[in-house]
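Novice: Here you go, this is my_file.json (JSON, C-alpha atoms).
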```json
[["chain", "number", "residue", "atom", "x", "y", "z"],
["B", 1, "MET", "CA", -32.88, 150.10, 74.63],
["B", 2, "SER", "CA", -30.27, 148.02, 72.83],
["B", 3, "THR", "CA", -27.84, 148.62, 75.70],
["B", 4, "LEU", "CA", -30.40, 147.27, 78.13],
["B", 5, "ARG", "CA", -31.09, 144.28, 75.88],
["B", 6, "ASN", "CA", -27.36, 143.57, 75.56],
["B", 7, "ALA", "CA", -26.91, 143.85, 79.30],
["B", 8, "MET", "CA", -29.79, 141.40, 79.82],
["B", 9, "LEU", "CA", -28.19, 138.99, 77.38],
["B", 10, "GLY", "CA", -24.86, 139.36, 79.15],
["B", 11, "LEU", "CA", -23.23, 140.81, 76.04],
["B", 12, "ILE", "CA", -21.70, 143.75, 77.84],
["B", 13, "ASP", "CA", -20.29, 144.00, 81.32],
["B", 14, "ASP", "CA", -21.07, 146.28, 84.16],
["B", 15, "PRO", "CA", -18.10, 148.71, 84.45],
["B", 16, "ARG", "CA", -18.14, 148.08, 88.20],
["B", 17, "LYS", "CA", -16.82, 144.57, 87.47],
["B", 18, "THR", "CA", -13.76, 146.13, 85.89],
["B", 19, "GLU", "CA", -13.47, 148.43, 88.89],
["B", 20, "LEU", "CA", -13.63, 145.43, 91.23],
["B", 21, "VAL", "CA", -10.85, 143.64, 89.33],
["B", 22, "ARG", "CA", -8.80, 146.87, 89.26],
["B", 23, "SER", "CA", -9.13, 147.15, 93.04],
["B", 24, "LEU", "CA", -7.95, 143.53, 93.33],
["B", 25, "ILE", "CA", -4.88, 144.44, 91.27],
["B", 26, "GLU", "CA", -4.16, 147.34, 93.58],
["B", 27, "LYS", "CA", -4.57, 145.31, 96.76],
["B", 28, "THR", "CA", -2.47, 142.46, 95.29],
["B", 29, "ARG", "CA", 0.34, 144.95, 94.54],
["B", 30, "GLN", "CA", 0.14, 146.07, 98.15],
["B", 31, "GLY", "CA", 0.43, 142.43, 99.24],
["B", 32, "LYS", "CA", -2.90, 142.54, 101.05],
["B", 33, "ILE", "CA", -4.48, 139.55, 99.32],
["B", 34, "PRO", "CA", -3.27, 136.09, 100.33],
["B", 35, "TRP", "CA", -3.31, 134.24, 96.99],
["B", 36, "ILE", "CA", -2.92, 130.47, 97.08],
["B", 37, "LYS", "CA", -1.29, 128.86, 94.06],
["B", 38, "GLN", "CA", -2.34, 125.33, 93.15],
["B", 39, "ALA", "CA", -1.59, 123.13, 90.14],
["B", 40, "ASN", "CA", -4.70, 124.16, 88.23],
["B", 41, "ALA", "CA", -5.83, 127.30, 89.97],
["B", 42, "ILE", "CA", -4.91, 130.43, 91.85],
["B", 43, "THR", "CA", -7.41, 131.24, 94.59],
["B", 44, "ALA", "CA", -7.96, 133.76, 97.33],
["B", 45, "ALA", "CA", -10.45, 133.78, 100.18],
["B", 46, "LEU", "CA", -11.22, 137.29, 101.39],
["B", 47, "PRO", "CA", -13.72, 138.13, 104.12],
["B", 48, "GLY", "CA", -17.03, 137.57, 102.34],
["B", 49, "PHE", "CA", -15.52, 136.72, 98.94],
["B", 50, "GLN", "CA", -14.00, 133.78, 97.12],
["B", 51, "ILE", "CA", -11.86, 134.43, 94.05],
["B", 52, "ASN", "CA", -10.90, 131.58, 91.69],
["B", 53, "PHE", "CA", -8.61, 131.75, 88.69],
["B", 54, "VAL", "CA", -8.66, 128.50, 86.71],
["B", 55, "VAL", "CA", -5.24, 128.10, 85.12],
["B", 56, "GLY", "CA", -4.82, 126.34, 81.78],
["B", 57, "ILE", "CA", -2.36, 123.54, 81.17],
["B", 58, "PRO", "CA", 0.25, 124.71, 78.62],
["B", 59, "PHE", "CA", -0.09, 122.96, 75.24],
["B", 60, "PRO", "CA", 2.74, 120.38, 75.18],
["B", 61, "LEU", "CA", 3.81, 121.21, 71.62],
["B", 62, "GLY", "CA", 3.62, 124.96, 72.10],
["B", 63, "PRO", "CA", 5.56, 127.54, 74.13],
["B", 64, "PHE", "CA", 5.43, 127.06, 77.90],
["B", 65, "THR", "CA", 3.17, 129.96, 78.79],
["B", 66, "MET", "CA", 0.71, 129.96, 81.64],
["B", 67, "THR", "CA", -2.76, 131.20, 80.72],
["B", 68, "TRP", "CA", -5.95, 131.65, 82.66],
["B", 69, "GLU", "CA", -9.21, 130.12, 81.50],
["B", 70, "LEU", "CA", -11.82, 131.40, 83.90],
["B", 71, "LEU", "CA", -12.06, 133.98, 86.67],
["B", 72, "THR", "CA", -14.92, 134.00, 89.14],
["B", 73, "ILE", "CA", -15.57, 136.20, 92.13],
["B", 74, "ARG", "CA", -18.33, 134.98, 94.45],
["B", 75, "ASP", "CA", -19.80, 136.49, 97.57],
["B", 76, "LYS", "CA", -20.22, 134.52, 100.80],
["B", 77, "SER", "CA", -23.63, 133.20, 99.71],
["B", 78, "GLY", "CA", -22.04, 131.75, 96.56],
["B", 79, "SER", "CA", -23.58, 134.28, 94.17],
["B", 80, "GLU", "CA", -21.33, 135.13, 91.27],
["B", 81, "LEU", "CA", -20.32, 138.77, 91.11],
["B", 82, "VAL", "CA", -17.86, 138.40, 88.26],
["B", 83, "ARG", "CA", -17.39, 135.57, 85.78],
["B", 84, "VAL", "CA", -14.97, 136.05, 82.93],
["B", 85, "SER", "CA", -13.93, 133.42, 80.43],
["B", 86, "ASN", "CA", -10.73, 133.71, 78.44],
["B", 87, "THR", "CA", -11.93, 131.42, 75.65],
["B", 88, "ALA", "CA", -14.37, 132.31, 72.92],
["B", 89, "GLY", "CA", -17.13, 129.99, 71.72],
["B", 90, "THR", "CA", -18.50, 128.69, 74.97],
["B", 91, "PHE", "CA", -21.55, 126.56, 75.57],
["B", 92, "VAL", "CA", -21.35, 127.15, 79.29],
["B", 93, "VAL", "CA", -23.21, 130.31, 80.14],
["B", 94, "THR", "CA", -20.55, 132.96, 80.50],
["B", 95, "SER", "CA", -20.82, 136.57, 79.60],
["B", 96, "VAL", "CA", -18.65, 137.94, 76.84],
["B", 97, "ALA", "CA", -16.33, 140.19, 78.73],
["B", 98, "SER", "CA", -15.68, 143.72, 77.60],
["B", 99, "SER", "CA", -12.15, 144.46, 76.52],
["B", 100, "ALA", "CA", -11.60, 146.66, 79.58],
["B", 101, "LEU", "CA", -12.57, 143.84, 81.90],
["B", 102, "LEU", "CA", -10.48, 141.29, 79.98],
["B", 103, "GLN", "CA", -7.53, 143.66, 80.05],
["B", 104, "ALA", "CA", -7.89, 144.09, 83.81],
["B", 105, "VAL", "CA", -8.12, 140.33, 84.37],
["B", 106, "ASN", "CA", -5.07, 139.75, 82.14],
["B", 107, "GLU", "CA", -3.18, 142.33, 84.19],
["B", 108, "LEU", "CA", -4.18, 140.66, 87.47],
["B", 109, "PHE", "CA", -3.11, 137.25, 86.15],
["B", 110, "ALA", "CA", 0.22, 138.61, 84.92],
["B", 111, "LEU", "CA", 0.79, 140.14, 88.35],
["B", 112, "LEU", "CA", 0.05, 136.82, 90.06],
["B", 113, "THR", "CA", 2.28, 134.75, 87.78],
["B", 114, "ALA", "CA", 5.10, 137.27, 88.24],
["B", 115, "ALA", "CA", 4.62, 136.98, 92.00],
["B", 116, "ALA", "CA", 4.90, 133.19, 91.66],
["B", 117, "GLY", "CA", 8.28, 133.74, 90.00],
["B", 118, "ASP", "CA", 9.33, 135.98, 92.90],
["B", 119, "ASP", "CA", 8.34, 133.25, 95.37],
["B", 120, "LEU", "CA", 10.58, 130.80, 93.48],
["B", 121, "ASP", "CA", 13.47, 133.26, 93.53],
["B", 122, "ARG", "CA", 13.01, 133.68, 97.27],
["B", 123, "ALA", "CA", 12.98, 129.90, 97.76],
["B", 124, "ILE", "CA", 16.18, 129.53, 95.67],
["B", 125, "ASN", "CA", 17.91, 132.26, 97.67],
["B", 126, "THR", "CA", 16.80, 130.69, 100.95],
["B", 127, "ILE", "CA", 18.15, 127.28, 99.94],
["B", 128, "LYS", "CA", 21.40, 128.83, 98.71],
["B", 129, "SER", "CA", 21.91, 130.70, 101.95],
["B", 130, "LEU", "CA", 21.59, 127.55, 104.09],
["U", 131, "MET", "CA", -52.23, 107.36, 156.67],
["U", 132, "THR", "CA", -54.79, 105.83, 154.38],
["U", 133, "LEU", "CA", -55.72, 106.96, 150.88],
["U", 134, "THR", "CA", -59.25, 107.24, 149.78],
["U", 135, "PHE", "CA", -60.18, 105.58, 146.49],
["U", 136, "ASP", "CA", -60.32, 108.96, 144.75],
["U", 137, "GLN", "CA", -56.87, 109.92, 146.06],
["U", 138, "PHE", "CA", -55.49, 106.56, 144.95],
["U", 139, "LEU", "CA", -56.95, 107.08, 141.47],
["U", 140, "GLY", "CA", -55.39, 110.55, 141.34],
["U", 141, "VAL", "CA", -51.91, 109.30, 142.30],
["U", 142, "ALA", "CA", -52.22, 106.38, 139.88],
["U", 143, "GLY", "CA", -53.26, 108.79, 137.11],
["U", 144, "LEU", "CA", -50.28, 111.04, 137.87],
["U", 145, "VAL", "CA", -47.86, 108.11, 137.73],
["U", 146, "ALA", "CA", -49.42, 106.84, 134.52],
["U", 147, "GLY", "CA", -49.12, 110.35, 133.04],
["U", 148, "ILE", "CA", -45.43, 110.64, 133.97],
["U", 149, "VAL", "CA", -44.72, 107.19, 132.54],
["U", 150, "GLY", "CA", -46.64, 108.13, 129.38],
["U", 151, "VAL", "CA", -44.70, 111.37, 128.90],
["U", 152, "ALA", "CA", -41.36, 109.59, 129.49],
["U", 153, "TYR", "CA", -42.32, 106.91, 126.96],
["U", 154, "GLY", "CA", -43.34, 109.61, 124.48],
["U", 155, "VAL", "CA", -40.00, 111.43, 124.90],
["U", 156, "LYS", "CA", -38.16, 108.14, 124.40],
["U", 157, "LEU", "CA", -40.17, 107.37, 121.25],
["U", 158, "ASP", "CA", -39.50, 110.88, 119.95],
["U", 159, "GLN", "CA", -35.75, 110.40, 120.49],
["U", 160, "LYS", "CA", -35.89, 107.07, 118.67],
["U", 161, "LEU", "CA", -37.76, 108.70, 115.79],
["U", 162, "LYS", "CA", -35.21, 111.52, 115.59],
["U", 163, "THR", "CA", -32.33, 109.03, 115.61],
["U", 164, "ALA", "CA", -34.04, 107.02, 112.88],
["U", 165, "GLN", "CA", -34.63, 110.17, 110.83],
["U", 166, "GLU", "CA", -30.98, 111.22, 111.25],
["U", 167, "ALA", "CA", -29.83, 107.75, 110.22],
["U", 168, "GLU", "CA", -32.11, 107.85, 107.18],
["U", 169, "LYS", "CA", -30.77, 111.28, 106.25],
["U", 170, "GLN", "CA", -27.18, 110.04, 106.56],
["U", 171, "ILE", "CA", -27.91, 107.02, 104.38],
["U", 172, "GLU", "CA", -29.58, 109.26, 101.79],
["U", 173, "GLN", "CA", -26.54, 111.59, 101.80],
["U", 174, "LYS", "CA", -24.15, 108.66, 101.53],
["U", 175, "PHE", "CA", -26.12, 107.26, 98.61],
["U", 176, "MET", "CA", -26.22, 110.67, 96.92],
["U", 177, "HIS", "CA", -22.43, 111.02, 97.24],
["U", 178, "TYR", "CA", -21.96, 107.50, 95.93],
["U", 179, "MET", "CA", -24.25, 108.06, 92.93],
["U", 180, "ALA", "CA", -22.57, 111.38, 92.13],
["U", 181, "ALA", "CA", -19.15, 109.70, 92.32],
["U", 182, "GLN", "CA", -20.36, 107.06, 89.87],
["U", 183, "GLU", "CA", -21.65, 109.72, 87.47],
["U", 184, "PHE", "CA", -18.38, 111.67, 87.52],
["U", 185, "THR", "CA", -16.42, 108.44, 87.03],
["U", 186, "ALA", "CA", -18.60, 107.57, 84.03],
["U", 187, "LEU", "CA", -18.03, 111.05, 82.61],
["U", 188, "ALA", "CA", -14.25, 110.74, 83.00],
["U", 189, "GLU", "CA", -14.37, 107.31, 81.35],
["U", 190, "GLU", "CA", -16.47, 108.61, 78.45],
["U", 191, "VAL", "CA", -13.93, 111.35, 77.74],
["U", 192, "GLY", "CA", -11.09, 108.86, 78.21],
["U", 193, "GLU", "CA", -12.67, 106.67, 75.52],
["U", 194, "ILE", "CA", -12.89, 109.64, 73.19],
["U", 195, "MET", "CA", -9.17, 110.26, 73.75],
["U", 196, "ASP", "CA", -8.41, 106.63, 72.95],
["U", 197, "ASN", "CA", -10.43, 106.90, 69.75],
["U", 198, "ILE", "CA", -8.58, 110.08, 68.78],
["U", 199, "ARG", "CA", -5.28, 108.24, 69.21],
["U", 200, "ARG", "CA", -6.63, 105.42, 67.02],
["U", 201, "ARG", "CA", -7.99, 107.99, 64.54],
["U", 202, "ASP", "CA", -11.39, 106.30, 64.72],
["U", 203, "TRP", "CA", -13.32, 109.41, 63.72],
["U", 204, "GLY", "CA", -16.70, 107.71, 63.48],
["U", 205, "LEU", "CA", -16.56, 106.78, 67.17],
["U", 206, "VAL", "CA", -15.00, 110.11, 68.17],
["U", 207, "THR", "CA", -17.79, 112.14, 66.58],
["U", 208, "GLY", "CA", -20.54, 109.91, 68.00],
["U", 209, "SER", "CA", -19.16, 110.05, 71.55],
["U", 210, "ALA", "CA", -18.22, 113.73, 71.41],
["U", 211, "ASN", "CA", -21.82, 114.71, 70.69],
["U", 212, "LYS", "CA", -22.95, 112.92, 73.87],
["U", 213, "ILE", "CA", -20.40, 114.57, 76.14],
["U", 214, "GLY", "CA", -22.11, 117.98, 76.25],
["U", 215, "PRO", "CA", -25.43, 116.64, 77.56],
["U", 216, "SER", "CA", -23.69, 114.23, 79.97],
["U", 217, "LEU", "CA", -21.56, 117.01, 81.38],
["U", 218, "GLY", "CA", -24.55, 119.35, 81.67],
["U", 219, "GLN", "CA", -26.56, 116.73, 83.55],
["U", 220, "VAL", "CA", -23.81, 115.96, 86.05],
["U", 221, "ARG", "CA", -22.85, 119.61, 86.48],
["U", 222, "GLY", "CA", -26.45, 120.68, 87.04],
["U", 223, "GLY", "CA", -27.65, 117.67, 89.01],
["U", 224, "ARG", "CA", -24.73, 117.61, 91.42],
["U", 225, "ASN", "CA", -24.20, 121.34, 91.73],
["U", 226, "ARG", "CA", -24.84, 121.37, 95.50],
["U", 227, "LEU", "CA", -22.12, 118.79, 96.13],
["U", 228, "LEU", "CA", -19.42, 120.78, 94.31],
["U", 229, "ALA", "CA", -17.00, 123.28, 95.79],
["U", 230, "SER", "CA", -16.78, 126.62, 93.99],
["U", 231, "LEU", "CA", -13.36, 125.82, 92.51],
["U", 232, "GLU", "CA", -14.62, 122.44, 91.26],
["U", 233, "LYS", "CA", -17.53, 124.15, 89.51],
["U", 234, "ASP", "CA", -15.14, 126.61, 87.89],
["U", 235, "ARG", "CA", -12.71, 123.91, 86.79],
["U", 236, "LEU", "CA", -15.59, 121.88, 85.34],
["U", 237, "ASP", "CA", -16.81, 124.92, 83.42],
["U", 238, "ALA", "CA", -13.32, 125.67, 82.12],
["U", 239, "ALA", "CA", -12.96, 122.03, 81.09],
["U", 240, "ALA", "CA", -16.34, 122.22, 79.36],
["U", 241, "ILE", "CA", -15.14, 125.23, 77.37],
["U", 242, "ASN", "CA", -12.12, 123.21, 76.23],
["U", 243, "VAL", "CA", -14.27, 120.22, 75.26],
["U", 244, "GLN", "CA", -16.56, 122.51, 73.28],
["U", 245, "ALA", "CA", -13.52, 123.88, 71.43],
["U", 246, "PHE", "CA", -12.49, 120.27, 70.75],
["U", 247, "ILE", "CA", -15.96, 119.38, 69.37],
["U", 248, "ASP", "CA", -15.86, 122.48, 67.16],
["U", 249, "SER", "CA", -12.44, 121.43, 65.82],
["U", 250, "LEU", "CA", -13.57, 117.95, 64.75],
["U", 251, "PRO", "CA", -13.09, 117.39, 61.03],
["U", 252, "LEU", "CA", -16.06, 117.24, 58.71],
["U", 253, "ALA", "CA", -16.67, 113.94, 56.91],
["U", 254, "GLY", "CA", -13.82, 113.31, 54.50],
["U", 255, "GLY", "CA", -11.46, 115.83, 56.11],
["U", 256, "GLU", "CA", -9.91, 113.39, 58.59],
["U", 257, "ALA", "CA", -6.93, 112.55, 56.40],
["U", 258, "ASP", "CA", -5.75, 116.16, 56.45],
["U", 259, "LEU", "CA", -5.34, 116.27, 60.23],
["U", 260, "ALA", "CA", -1.75, 116.82, 61.29],
["U", 261, "GLU", "CA", -0.19, 115.24, 64.38],
["U", 262, "ASP", "CA", -0.18, 118.49, 66.35],
["U", 263, "GLN", "CA", -3.92, 118.90, 65.70],
["U", 264, "LEU", "CA", -4.49, 115.50, 67.27],
["U", 265, "GLN", "CA", -2.29, 116.49, 70.20],
["U", 266, "ARG", "CA", -4.33, 119.66, 70.62],
["U", 267, "MET", "CA", -7.57, 117.62, 70.69],
["U", 268, "LEU", "CA", -6.16, 115.36, 73.40],
["U", 269, "TRP", "CA", -4.97, 118.41, 75.32],
["U", 270, "GLN", "CA", -8.47, 119.93, 75.13],
["U", 271, "CYS", "CA", -10.07, 116.75, 76.50],
["U", 272, "ARG", "CA", -7.61, 116.09, 79.34],
["U", 273, "PRO", "CA", -8.81, 118.78, 81.83],
["U", 274, "LEU", "CA", -12.29, 117.22, 81.91],
["U", 275, "VAL", "CA", -10.86, 113.76, 82.66],
["U", 276, "ASP", "CA", -8.72, 115.26, 85.42],
["U", 277, "ILE", "CA", -11.40, 117.27, 87.19],
["U", 278, "ALA", "CA", -14.14, 114.64, 86.80],
["U", 279, "SER", "CA", -11.81, 112.00, 88.28],
["U", 280, "GLU", "CA", -10.79, 114.30, 91.15],
["U", 281, "ILE", "CA", -14.41, 115.06, 92.03],
["U", 282, "ALA", "CA", -15.35, 111.37, 91.80],
["U", 283, "GLY", "CA", -12.49, 110.49, 94.16],
["U", 284, "ARG", "CA", -13.45, 113.14, 96.69],
["U", 285, "LEU", "CA", -17.12, 112.17, 96.68],
["U", 286, "ARG", "CA", -16.29, 108.47, 97.07],
["U", 287, "VAL", "CA", -14.00, 109.16, 100.03],
["U", 288, "GLU", "CA", -16.62, 111.43, 101.62],
["U", 289, "SER", "CA", -19.29, 108.75, 101.31],
["U", 290, "MET", "CA", -16.96, 106.28, 103.03],
["U", 291, "GLU", "CA", -16.10, 108.78, 105.75],
["U", 292, "GLN", "CA", -19.80, 109.25, 106.47],
["U", 293, "SER", "CA", -20.27, 105.51, 106.82],
["U", 294, "GLU", "CA", -17.29, 105.39, 109.20],
["U", 295, "GLY", "CA", -18.89, 108.11, 111.29],
["U", 296, "GLU", "CA", -22.09, 106.13, 111.57],
["U", 297, "LYS", "CA", -20.31, 103.23, 113.25]]
```
What does this structure look like when you write it as structure tokens?

Specialist:
Amino acid sequence: MSTLRNAMLGLIDDPRKTELVRSLIEKTRQGKIPWIKQANAITAALPGFQINFVVGIPFPLGPFTMTWELLTIRDKSGSELVRVSNTAGTFVVTSVASSALLQAVNELFALLTAAAGDDLDRAINTIKSL
Amino acid sequence: MTLTFDQFLGVAGLVAGIVGVAYGVKLDQKLKTAQEAEKQIEQKFMHYMAAQEFTALAEEVGEIMDNIRRRDWGLVTGSANKIGPSLGQVRGGRNRLLASLEKDRLDAAAINVQAFIDSLPLAGGEADLAEDQLQRMLWQCRPLVDIASEIAGRLRVESMEQSEGEK
């Protein structure tokens, strides 16, 4: 009963959300998802889905580390399938993600930022070889 | 060939009918055009109003940032408490005009602003705030200024593009 109540309140996450993010990690590793990197976001449009990672601006007086703030996965009608916030204490309605889901999202973000580094290396090598 | 009076009346009735139908079709087209024009004006006005609201939101947060820099905590606290409702109104009222990424960036910015409001000093604690705490407050406010300004700019341009299309 308490599990049902928690689920209704959005206090726990459906394990299928974690599975969905895990499958995104796998497909990203295989290079099958065309991610687009922008200044404040990393997005991907798949057939029937839109994935948005909102990227945080690094704190100017802190270490230069990229962090994500929000991940959403929507279907083609705009309904949210997954919504995970990286910051506690929200007044916007977001569910408190389970640690498994947060871990999966962190892993996906790390994969994407590493890929951004690879893109830069490729660009440097291309320019050098001109 | 001569027409009887009845035949003449029949032909005249037919012609009058055709003219009536043609006039009706023309009126219907005019009505549709007028309705489309009205719809376009409504849309243009909606975009314009939404742009104004997002601009006002960006300016409100900008003022808070100015007051943080001046360490005017009375004004900061007063304005900060109004930002949540203002943001909620704009976010909810203009939801249909926003792209999915804009909605997400607004929500992420709202989370940052909430963290900023939570970090505001209690009365009497202002003197203890270090410089990096002020910098962190400014940093938490900036994303909302950025995204609200971007959305306002897009909506304003779209409302102008619509008016160009009407010409």

Novice: Give me, as number ranges by chain, all polymer residues having an atom no more than 12 Å from Ala100 in chain B, counting all atoms listed in the file and skipping those fewer than 6 positions away in the same chain.

Specialist: B: 12-22, 84, 106-107

Novice: Find the residue from U:Val155, U:Ile247, U:Leu205, U:Leu285 that sits nearest to chain B; use all atoms listed in the file when measuring.

Specialist: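 Of U:Val155, U:Ile247, U:Leu205, U:Leu285, the one nearest chain B, counting all atoms listed in the file, is U:Ile247.
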
Novice: Could you pull the residues within 7 Å of range 60-76 of chain B, counting only C-alpha atoms, minus those fewer than 5 positions along the same chain, as a list in words?

Specialist: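 With the cut-off at 7 Å, the set is Gly48, Phe49, Gln50, Ile51, Asn52, Phe53, Val54, Val55, Leu81, Val82, Arg83, Val84, Ser85, Asn86 and Thr87 of chain B; Ala238 of chain U.
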
Novice: Between B:Leu101, B:Lys37, B:Ser23, B:Gly78, which one has atoms that come closest to Gly117 in chain B, using all atoms listed in the file?

Specialist: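 For Gly117 in chain B, the nearest of the candidates is B:Lys37.
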
Novice: Considering only C-alpha atoms, return as an NGL selection string whatever protein or nucleic-acid residues lie within 12 Å of Ala240 in chain U, sequence-local ones (same chain, fewer than 2 positions apart) excluded.

Specialist: (:B and (69-70 or 85 or 87 or 89-94)) or (:U and (187 or 191 or 210 or 213-218 or 220-221 or 233-238 or 242-247 or 270-278))

Novice: Between CA of Lys128 in chain B and CA of Ala39 in chain B, what distance in Å does the model show, to one decimal?

Specialist: 25.2 Å

Novice: Return the single residue from U:Gly255, U:Gly222, U:Gly140, U:Gly283 that is closest to chain B, with distances computed using all atoms listed in the file.

Specialist: U:Gly222

Novice: Show which residues sit within 10 Å of range 26-29 of chain B, as a ChimeraX atom specification. Count all atoms listed in the file, and ignore same-chain residues fewer than 5 positions away.

Specialist: /B:20-21,34-35,108,111-112,115

Novice: Please, what distance in Å, to one decimal, runs between CA of Leu46 in chain B and CA of Ile241 in chain U?

Specialist: 27.2 Å

Novice: Which is closer to Asp196 in chain U than all the others in U:Leu268, U:Ala164, U:Leu252, U:Ile148, using only C-alpha atoms?

Specialist: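 Answer, going by the shortest atom-to-atom distance: U:Leu268.
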
Novice: Let me make sure I understand: among U:Glu193, U:Asp158, U:Asp202, U:Asp136, which one has the smallest atom-to-atom distance to Glu256 in chain U if we use all atoms listed in the file?

Specialist: U:Asp202

Novice: Just give me the gap between CA of Asn40 in chain B and CA of Ala123 in chain B in Å, one decimal is fine.

Specialist: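 Straight-line distance from CA of Asn40 in chain B to CA of Ala123 in chain B works out to 20.9 Å.
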
Novice: In terms of the shortest atom-to-atom distance over only C-alpha atoms, which of U:Ala146, U:Ala253, U:Leu264, U:Leu231 is closest to chain B?

Specialist: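 Closest candidate: U:Leu231.
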